[in-house]
Amino acid sequence: MLPVLYGKQPLQTTLSHMVSGGRLAQGFLFYGDAGLGRKTLAHWFASLLLCEQPENGMPCGHCKSCHNMQKDCHPDFLQAEHSGKLGGFSVETVRQICSSVAIPPNNGERKVYLFGDCDQMDVRSQNILLKILEEPPAYAYFLFTASAKDILLATIRSRILSFGLVPCTLEDCQAAVTALGVPDADLQRFPGNIGQTFAYATEESLQTAVQRVETCVQALQQRNEYAFLKAVATMGKDRPQARFFLQQMRLLVRDVMVLHSDSAAKTCSCVPQLAKQMAKQTAQRQGEQLFEAVRTAEQALQANGNVQLLLAALCGEWIRV
């Protein structure tokens, strides 16, 4: 069964027209927050690129290629395995993939490579990949997913098309979680984000992570450094948890800045009520400084900085602001 893409119809139409009109680039980046359907969209697009008999701009769902995609065994669809210390794509992994590009497709006219969650792909690996993207074989297509467009080098972005994913409507989100078996999910915790809404309803680890964000934000509002450091200490050296925490802090500040200008604006962070409280107490200039502080912490994490030290620095900078 082909994946259902809620709220992605305009983007699907754009991609379908590219395929049917023969106006394809050979590289595509789908970016946006985790849970918005980046990888689902990439798989759907790969199915369309490899489908033997597309119907109305969609994968037919019943040809040999579509069946292989549904069973996750298509010989011309290759997903890069995460590797390396930071969970990105090691130099060796990228070199092996680049070597395989010289081998023509097994079944059809195209081969599709997917690099999912590229946030931790280092510069060396990207530069190796760049050599293939400069002059790829006509049959090779490269799909990337990431949280933001600037994750990839500018030299790579100049050779691919980038599409940002946005939250879906409340109705689409409700339809999706109902189909997934959790109709009573909290739709306000991650507005318009189907993946995170479902995960929050079913995974205790995410509920704990959200509670940590709430505790830390309240501690910062009270200028209680001890409470903040005590809460983040529960993460230890866990980099994925730190990445989620910093992402939510960045979205919180984004919400504060937007709400400062428009109190009726939609929020993106997992703590919408705290964002509304902060918006009443935070000047625009303060919001800009807080945003820069969070981005600095994210960059330190990306550069393999010590989790506890960079979070302590964020706390100090936040309280100073």
# chains A, B, ... in the order shown; residues from 1 in each chain; ligands from 1
call {"tool": "residues_around", "arguments": {"residues": "A:Lys111", "least_positions_apart": "3", "cutoff": "6 Å", "atoms": "only C-alpha atoms", "output": "number ranges by chain"}}
result
A: 76, 105, 139-140
call {"tool": "residues_around", "arguments": {"residues": "A:Met235", "least_positions_apart": "3", "cutoff": "10 Å", "atoms": "only C-alpha atoms", "output": "list in words"}}
result
Ala209, Arg212, Lys230, Ala231, Val232, Asp238, Arg239, Pro240, Gln241, Ala242, Phe245, Val307 and Gln308 of chain A
call {"tool": "residues_around", "arguments": {"residues": "A:Ser83", "least_positions_apart": "4", "cutoff": "10 Å", "atoms": "only C-alpha atoms", "output": "VMD selection string"}}
result
chain A and resid 87 to 94 120 to 121
call {"tool": "write_last_selection", "arguments": {"atoms": "N, CA, C and O atoms", "output": "short mmCIF file (atom, residue, chain, number, x, y, z; two decimals), in the first residue's frame"}}
result
data_model
loop_
_atom_site.label_atom_id
_atom_site.label_comp_id
_atom_site.auth_asym_id
_atom_site.auth_seq_id
_atom_site.Cartn_x
_atom_site.Cartn_y
_atom_site.Cartn_z
N GLY A 87 26.30 9.83 13.93
CA GLY A 87 25.07 9.32 13.33
C GLY A 87 24.71 9.98 12.03
O GLY A 87 23.54 10.02 11.65
N GLY A 88 25.72 10.49 11.33
CA GLY A 88 25.48 11.07 10.02
C GLY A 88 25.76 10.04 8.94
O GLY A 88 25.27 8.91 8.99
N PHE A 89 26.55 10.42 7.95
CA PHE A 89 26.97 9.50 6.89
C PHE A 89 28.48 9.61 6.77
O PHE A 89 29.00 10.67 6.40
N SER A 90 29.17 8.54 7.12
CA SER A 90 30.62 8.58 7.13
C SER A 90 31.18 8.73 5.72
O SER A 90 30.49 8.47 4.72
N VAL A 91 32.42 9.15 5.64
CA VAL A 91 33.11 9.29 4.36
C VAL A 91 33.09 7.97 3.61
O VAL A 91 32.84 7.94 2.39
N GLU A 92 33.33 6.88 4.30
CA GLU A 92 33.36 5.57 3.65
C GLU A 92 31.99 5.20 3.09
O GLU A 92 31.88 4.66 1.97
N THR A 93 30.93 5.47 3.85
CA THR A 93 29.57 5.19 3.37
C THR A 93 29.27 5.96 2.09
O THR A 93 28.77 5.40 1.11
N VAL A 94 29.61 7.24 2.06
CA VAL A 94 29.33 8.07 0.89
C VAL A 94 30.16 7.62 -0.30
O VAL A 94 29.68 7.59 -1.44
N GLN A 120 23.24 15.52 10.39
CA GLN A 120 24.57 15.23 10.93
C GLN A 120 25.58 14.85 9.84
O GLN A 120 26.64 14.30 10.14
N MET A 121 25.26 15.11 8.59
CA MET A 121 26.23 14.81 7.51
C MET A 121 27.32 15.87 7.52
O MET A 121 27.05 17.06 7.36
#
call {"tool": "residues_around", "arguments": {"residues": "A:Ile151", "least_positions_apart": "5", "cutoff": "8 Å", "atoms": "only C-alpha atoms", "output": "ChimeraX atom specification"}}
result
/A:118-119,146
call {"tool": "write_last_selection", "arguments": {"atoms": "N, CA, C and O atoms", "output": "mmCIF file, in the first residue's frame"}}
result
data_model
loop_
_atom_site.group_PDB
_atom_site.id
_atom_site.type_symbol
_atom_site.label_atom_id
_atom_site.label_comp_id
_atom_site.auth_asym_id
_atom_site.auth_seq_id
_atom_site.Cartn_x
_atom_site.Cartn_y
_atom_site.Cartn_z
ATOM 1 N N CYS A 118 19.639 14.270 7.115
ATOM 2 C CA CYS A 118 21.016 14.685 6.796
ATOM 3 C C CYS A 118 21.616 15.678 7.783
ATOM 4 O O CYS A 118 22.712 16.191 7.540
ATOM 5 N N ASP A 119 20.934 15.949 8.874
ATOM 6 C CA ASP A 119 21.391 16.993 9.791
ATOM 7 C C ASP A 119 22.815 16.765 10.303
ATOM 8 O O ASP A 119 23.522 17.722 10.623
ATOM 9 N N ALA A 146 16.037 16.773 5.588
ATOM 10 C CA ALA A 146 16.743 17.453 6.668
ATOM 11 C C ALA A 146 15.789 18.387 7.383
ATOM 12 O O ALA A 146 14.686 18.663 6.894
#
call {"tool": "residues_around", "arguments": {"residues": "stretch 174-186 of chain A", "least_positions_apart": "5", "cutoff": "7 Å", "atoms": "only C-alpha atoms", "output": "PyMOL selection string"}}
result
chain A and resi 194+197-198+201
call {"tool": "write_last_selection", "arguments": {"atoms": "all heavy atoms", "output": "short mmCIF file (atom, residue, chain, number, x, y, z; two decimals), in the first residue's frame"}}
result
data_model
loop_
_atom_site.label_atom_id
_atom_site.label_comp_id
_atom_site.auth_asym_id
_atom_site.auth_seq_id
_atom_site.Cartn_x
_atom_site.Cartn_y
_atom_site.Cartn_z
N ILE A 194 1.81 15.68 12.26
CA ILE A 194 1.21 14.36 12.45
C ILE A 194 2.16 13.40 13.15
O ILE A 194 1.78 12.68 14.08
CB ILE A 194 0.76 13.78 11.09
CG1 ILE A 194 -0.37 14.64 10.51
CG2 ILE A 194 0.29 12.33 11.24
CD1 ILE A 194 -0.72 14.30 9.08
N THR A 197 2.62 14.33 16.81
CA THR A 197 1.36 14.15 17.54
C THR A 197 1.13 12.68 17.85
O THR A 197 0.76 12.31 18.98
CB THR A 197 0.17 14.70 16.72
OG1 THR A 197 0.35 16.11 16.52
CG2 THR A 197 -1.15 14.45 17.42
N PHE A 198 1.37 11.82 16.86
CA PHE A 198 1.22 10.38 17.07
C PHE A 198 2.24 9.88 18.08
O PHE A 198 1.91 9.09 18.99
CB PHE A 198 1.37 9.64 15.74
CG PHE A 198 1.30 8.15 15.87
CD1 PHE A 198 0.09 7.51 16.10
CD2 PHE A 198 2.45 7.37 15.78
CE1 PHE A 198 0.01 6.13 16.24
CE2 PHE A 198 2.39 6.00 15.91
CZ PHE A 198 1.17 5.36 16.13
N ALA A 201 1.40 10.70 21.65
CA ALA A 201 0.29 9.92 22.18
C ALA A 201 0.69 8.49 22.52
O ALA A 201 0.01 7.83 23.32
CB ALA A 201 -0.87 9.90 21.18
#
call {"tool": "residues_around", "arguments": {"residues": "A:Met58", "least_positions_apart": "4", "cutoff": "9 Å", "atoms": "only C-alpha atoms", "output": "PDB file with C-alpha atoms, in the first residue's frame"}}
result
ATOM      1  CA  GLN A  12       2.620  16.202  -4.859  1.00  0.00           C
ATOM      2  CA  THR A  13       1.053  17.979  -7.832  1.00  0.00           C
ATOM      3  CA  SER A  16       4.015  14.947 -10.530  1.00  0.00           C
ATOM      4  CA  TRP A  44       6.317   8.480  -2.330  1.00  0.00           C
ATOM      5  CA  PHE A  45       8.396  10.475  -4.808  1.00  0.00           C
ATOM      6  CA  SER A  47       7.872   5.314  -5.954  1.00  0.00           C
ATOM      7  CA  LEU A  48       6.690   7.759  -8.616  1.00  0.00           C
ATOM      8  CA  CYS A  51       6.812   3.379 -11.255  1.00  0.00           C
ATOM      9  CA  PRO A  54       2.085   6.150 -13.355  1.00  0.00           C
TER      10      PRO A  54
END
call {"tool": "atom_distance", "arguments": {"atom1": "atom CA of A:Thr296", "atom2": "atom CA of A:Leu251"}}
result
14.3 Å
call {"tool": "closest_residue", "arguments": {"among": "A:Gln126, A:Asn193, A:Asn306, A:Ser162", "to": "A:Gly37", "atoms": "only C-alpha atoms"}}
result
A:Asn193
call {"tool": "select_by_dssp", "arguments": {"residues": "stretch 35-247 of chain A", "states": "strand (DSSP E)", "output": "PyMOL selection string"}}
result
chain A and resi 77-79+111-115+140-146+161-164
call {"tool": "write_last_selection", "arguments": {"atoms": "all heavy atoms", "output": "compact mmCIF listing (two decimals), in the first residue's frame"}}
result
# COMPACT_ATOMS: atom_id res chain seq x y z
N PHE A 77 16.32 1.28 -5.63
CA PHE A 77 16.09 2.28 -4.59
C PHE A 77 17.04 1.98 -3.44
O PHE A 77 16.92 0.97 -2.77
CB PHE A 77 14.64 2.23 -4.11
CG PHE A 77 14.34 3.20 -2.99
CD1 PHE A 77 14.50 4.56 -3.19
CD2 PHE A 77 13.91 2.75 -1.75
CE1 PHE A 77 14.23 5.46 -2.17
CE2 PHE A 77 13.63 3.64 -0.73
CZ PHE A 77 13.80 5.01 -0.93
N LEU A 78 17.99 2.87 -3.24
CA LEU A 78 19.02 2.64 -2.25
C LEU A 78 18.99 3.72 -1.17
O LEU A 78 19.10 4.91 -1.48
CB LEU A 78 20.41 2.60 -2.89
CG LEU A 78 20.64 1.48 -3.91
CD1 LEU A 78 20.30 1.97 -5.32
CD2 LEU A 78 22.06 0.98 -3.86
N GLN A 79 18.80 3.29 0.08
CA GLN A 79 18.81 4.21 1.21
C GLN A 79 20.17 4.17 1.90
O GLN A 79 20.63 3.10 2.29
CB GLN A 79 17.73 3.84 2.22
CG GLN A 79 16.31 3.92 1.66
CD GLN A 79 15.28 3.71 2.73
OE1 GLN A 79 15.10 4.55 3.62
NE2 GLN A 79 14.59 2.59 2.69
N LYS A 111 17.61 5.03 -11.16
CA LYS A 111 18.02 4.60 -9.83
C LYS A 111 17.81 5.79 -8.89
O LYS A 111 18.09 6.93 -9.26
CB LYS A 111 19.51 4.20 -9.80
CG LYS A 111 19.81 2.89 -10.49
CD LYS A 111 21.31 2.59 -10.43
CE LYS A 111 21.74 2.15 -9.05
NZ LYS A 111 23.16 1.67 -9.04
N VAL A 112 17.33 5.51 -7.69
CA VAL A 112 17.04 6.57 -6.74
C VAL A 112 17.81 6.31 -5.44
O VAL A 112 17.76 5.21 -4.89
CB VAL A 112 15.53 6.67 -6.42
CG1 VAL A 112 15.27 7.79 -5.42
CG2 VAL A 112 14.73 6.90 -7.71
N TYR A 113 18.52 7.34 -4.99
CA TYR A 113 19.28 7.26 -3.74
C TYR A 113 18.64 8.20 -2.72
O TYR A 113 18.34 9.36 -3.02
CB TYR A 113 20.73 7.68 -3.97
CG TYR A 113 21.51 6.74 -4.86
CD1 TYR A 113 21.45 6.85 -6.25
CD2 TYR A 113 22.29 5.73 -4.31
CE1 TYR A 113 22.16 5.98 -7.07
CE2 TYR A 113 23.01 4.86 -5.12
CZ TYR A 113 22.93 4.99 -6.49
OH TYR A 113 23.63 4.13 -7.30
N LEU A 114 18.41 7.69 -1.52
CA LEU A 114 17.81 8.51 -0.46
C LEU A 114 18.79 8.67 0.70
O LEU A 114 19.24 7.70 1.29
CB LEU A 114 16.52 7.87 0.05
CG LEU A 114 15.89 8.51 1.29
CD1 LEU A 114 15.54 9.98 1.03
CD2 LEU A 114 14.65 7.74 1.74
N PHE A 115 19.09 9.92 1.02
CA PHE A 115 19.87 10.26 2.21
C PHE A 115 18.90 10.91 3.19
O PHE A 115 18.59 12.09 3.08
CB PHE A 115 21.00 11.23 1.87
CG PHE A 115 22.12 10.63 1.08
CD1 PHE A 115 22.02 10.49 -0.30
CD2 PHE A 115 23.28 10.18 1.70
CE1 PHE A 115 23.05 9.93 -1.04
CE2 PHE A 115 24.32 9.62 0.97
CZ PHE A 115 24.21 9.49 -0.40
N ALA A 140 20.42 8.55 -12.58
CA ALA A 140 20.57 8.63 -11.12
C ALA A 140 19.85 9.85 -10.54
O ALA A 140 20.02 10.98 -11.02
CB ALA A 140 22.04 8.67 -10.74
N TYR A 141 19.07 9.62 -9.49
CA TYR A 141 18.34 10.69 -8.79
C TYR A 141 18.65 10.61 -7.30
O TYR A 141 18.74 9.51 -6.73
CB TYR A 141 16.83 10.56 -9.03
CG TYR A 141 16.47 10.82 -10.47
CD1 TYR A 141 16.55 9.80 -11.42
CD2 TYR A 141 16.08 12.08 -10.90
CE1 TYR A 141 16.26 10.04 -12.75
CE2 TYR A 141 15.77 12.33 -12.24
CZ TYR A 141 15.87 11.30 -13.15
OH TYR A 141 15.58 11.54 -14.48
N PHE A 142 18.83 11.77 -6.68
CA PHE A 142 19.24 11.83 -5.28
C PHE A 142 18.20 12.62 -4.48
O PHE A 142 17.86 13.75 -4.82
CB PHE A 142 20.61 12.51 -5.16
CG PHE A 142 21.70 11.76 -5.86
CD1 PHE A 142 21.93 11.97 -7.22
CD2 PHE A 142 22.48 10.84 -5.18
CE1 PHE A 142 22.93 11.27 -7.88
CE2 PHE A 142 23.48 10.14 -5.83
CZ PHE A 142 23.71 10.36 -7.19
N LEU A 143 17.70 11.98 -3.42
CA LEU A 143 16.72 12.61 -2.54
C LEU A 143 17.34 12.79 -1.16
O LEU A 143 18.01 11.89 -0.64
CB LEU A 143 15.46 11.75 -2.42
CG LEU A 143 14.82 11.26 -3.73
CD1 LEU A 143 13.55 10.47 -3.44
CD2 LEU A 143 14.52 12.44 -4.66
N PHE A 144 17.11 13.95 -0.57
CA PHE A 144 17.64 14.27 0.75
C PHE A 144 16.51 14.76 1.65
O PHE A 144 15.57 15.41 1.18
CB PHE A 144 18.71 15.37 0.67
CG PHE A 144 19.85 15.08 -0.26
CD1 PHE A 144 19.78 15.44 -1.60
CD2 PHE A 144 20.99 14.44 0.20
CE1 PHE A 144 20.82 15.17 -2.47
CE2 PHE A 144 22.05 14.17 -0.66
CZ PHE A 144 21.97 14.53 -2.00
N THR A 145 16.61 14.47 2.95
CA THR A 145 15.69 15.06 3.91
C THR A 145 16.51 15.65 5.05
O THR A 145 17.56 15.13 5.41
CB THR A 145 14.68 14.04 4.50
OG1 THR A 145 15.35 13.13 5.38
CG2 THR A 145 13.98 13.27 3.38
N ALA A 146 16.04 16.77 5.59
CA ALA A 146 16.74 17.45 6.67
C ALA A 146 15.79 18.39 7.38
O ALA A 146 14.69 18.66 6.89
CB ALA A 146 17.95 18.22 6.13
N LEU A 161 16.86 20.81 -6.18
CA LEU A 161 15.67 21.60 -5.86
C LEU A 161 15.28 21.36 -4.41
O LEU A 161 15.30 20.22 -3.95
CB LEU A 161 14.51 21.22 -6.78
CG LEU A 161 14.68 21.54 -8.27
CD1 LEU A 161 13.46 21.07 -9.04
CD2 LEU A 161 14.90 23.04 -8.49
N SER A 162 14.93 22.42 -3.71
CA SER A 162 14.58 22.31 -2.29
C SER A 162 13.11 22.65 -2.07
O SER A 162 12.61 23.64 -2.61
CB SER A 162 15.46 23.25 -1.46
OG SER A 162 16.82 22.94 -1.59
N PHE A 163 12.44 21.83 -1.26
CA PHE A 163 11.03 22.04 -0.96
C PHE A 163 10.82 21.98 0.56
O PHE A 163 11.17 20.98 1.19
CB PHE A 163 10.15 20.98 -1.63
CG PHE A 163 10.18 21.02 -3.13
CD1 PHE A 163 11.06 20.23 -3.85
CD2 PHE A 163 9.32 21.86 -3.83
CE1 PHE A 163 11.09 20.27 -5.24
CE2 PHE A 163 9.34 21.91 -5.21
CZ PHE A 163 10.24 21.11 -5.92
N GLY A 164 10.28 23.06 1.11
CA GLY A 164 10.00 23.08 2.54
C GLY A 164 8.63 22.51 2.85
O GLY A 164 7.66 22.79 2.14
call {"tool": "atom_distance", "arguments": {"atom1": "atom CA of A:Ser205", "atom2": "atom CA of A:Ser269"}}
result
17.1 Å
call {"tool": "select_by_dssp", "arguments": {"residues": "stretch 195-308 of chain A", "states": "helix (DSSP H, G or I)", "output": "ChimeraX atom specification"}}
result
/A:195-202,204-221,225-235,239-261,272-281,284-302,307-308
call {"tool": "atom_distance", "arguments": {"atom1": "atom CA of A:Phe228", "atom2": "atom CA of A:Gln273"}}
result
18.7 Å
call {"tool": "closest_residue", "arguments": {"among": "A:Leu187, A:Cys268, A:Leu274, A:Leu259", "to": "A:Val213", "atoms": "only C-alpha atoms"}}
result
A:Leu274
call {"tool": "closest_residue", "arguments": {"among": "A:Phe190, A:Leu301, A:Leu229, A:Gln286", "to": "A:Thr267", "atoms": "only C-alpha atoms"}}
result
A:Phe190
call {"tool": "decode", "arguments": {"residues": "stretch 233-261 of chain A", "atoms": "C-alpha atoms", "output": "PDB file, in the first residue's frame"}}
result
ATOM      1  CA  ALA A 233      21.128  16.621  33.564  1.00  0.00           C
ATOM      2  CA  THR A 234      18.589  13.813  33.010  1.00  0.00           C
ATOM      3  CA  MET A 235      19.645  13.788  29.337  1.00  0.00           C
ATOM      4  CA  GLY A 236      23.232  12.901  30.209  1.00  0.00           C
ATOM      5  CA  LYS A 237      25.247  12.774  26.974  1.00  0.00           C
ATOM      6  CA  ASP A 238      22.309  11.735  24.805  1.00  0.00           C
ATOM      7  CA  ARG A 239      22.763  13.849  21.668  1.00  0.00           C
ATOM      8  CA  PRO A 240      19.395  13.036  19.991  1.00  0.00           C
ATOM      9  CA  GLN A 241      17.593  14.139  23.168  1.00  0.00           C
ATOM     10  CA  ALA A 242      19.698  17.309  23.285  1.00  0.00           C
ATOM     11  CA  ARG A 243      18.906  17.945  19.618  1.00  0.00           C
ATOM     12  CA  PHE A 244      15.156  17.650  20.273  1.00  0.00           C
ATOM     13  CA  PHE A 245      15.424  19.884  23.333  1.00  0.00           C
ATOM     14  CA  LEU A 246      17.241  22.632  21.443  1.00  0.00           C
ATOM     15  CA  GLN A 247      14.875  22.362  18.489  1.00  0.00           C
ATOM     16  CA  GLN A 248      11.912  22.926  20.790  1.00  0.00           C
ATOM     17  CA  MET A 249      13.648  25.837  22.511  1.00  0.00           C
ATOM     18  CA  ARG A 250      14.257  27.402  19.102  1.00  0.00           C
ATOM     19  CA  LEU A 251      10.614  26.882  18.104  1.00  0.00           C
ATOM     20  CA  LEU A 252       9.538  28.353  21.447  1.00  0.00           C
ATOM     21  CA  VAL A 253      11.491  31.541  20.772  1.00  0.00           C
ATOM     22  CA  ARG A 254      10.105  31.607  17.227  1.00  0.00           C
ATOM     23  CA  ASP A 255       6.595  31.389  18.690  1.00  0.00           C
ATOM     24  CA  VAL A 256       7.326  34.169  21.188  1.00  0.00           C
ATOM     25  CA  MET A 257       8.547  36.499  18.438  1.00  0.00           C
ATOM     26  CA  VAL A 258       5.578  35.750  16.182  1.00  0.00           C
ATOM     27  CA  LEU A 259       3.037  36.073  19.002  1.00  0.00           C
ATOM     28  CA  HIS A 260       4.614  39.345  20.012  1.00  0.00           C
ATOM     29  CA  SER A 261       3.505  40.734  16.649  1.00  0.00           C
TER      30      SER A 261
END
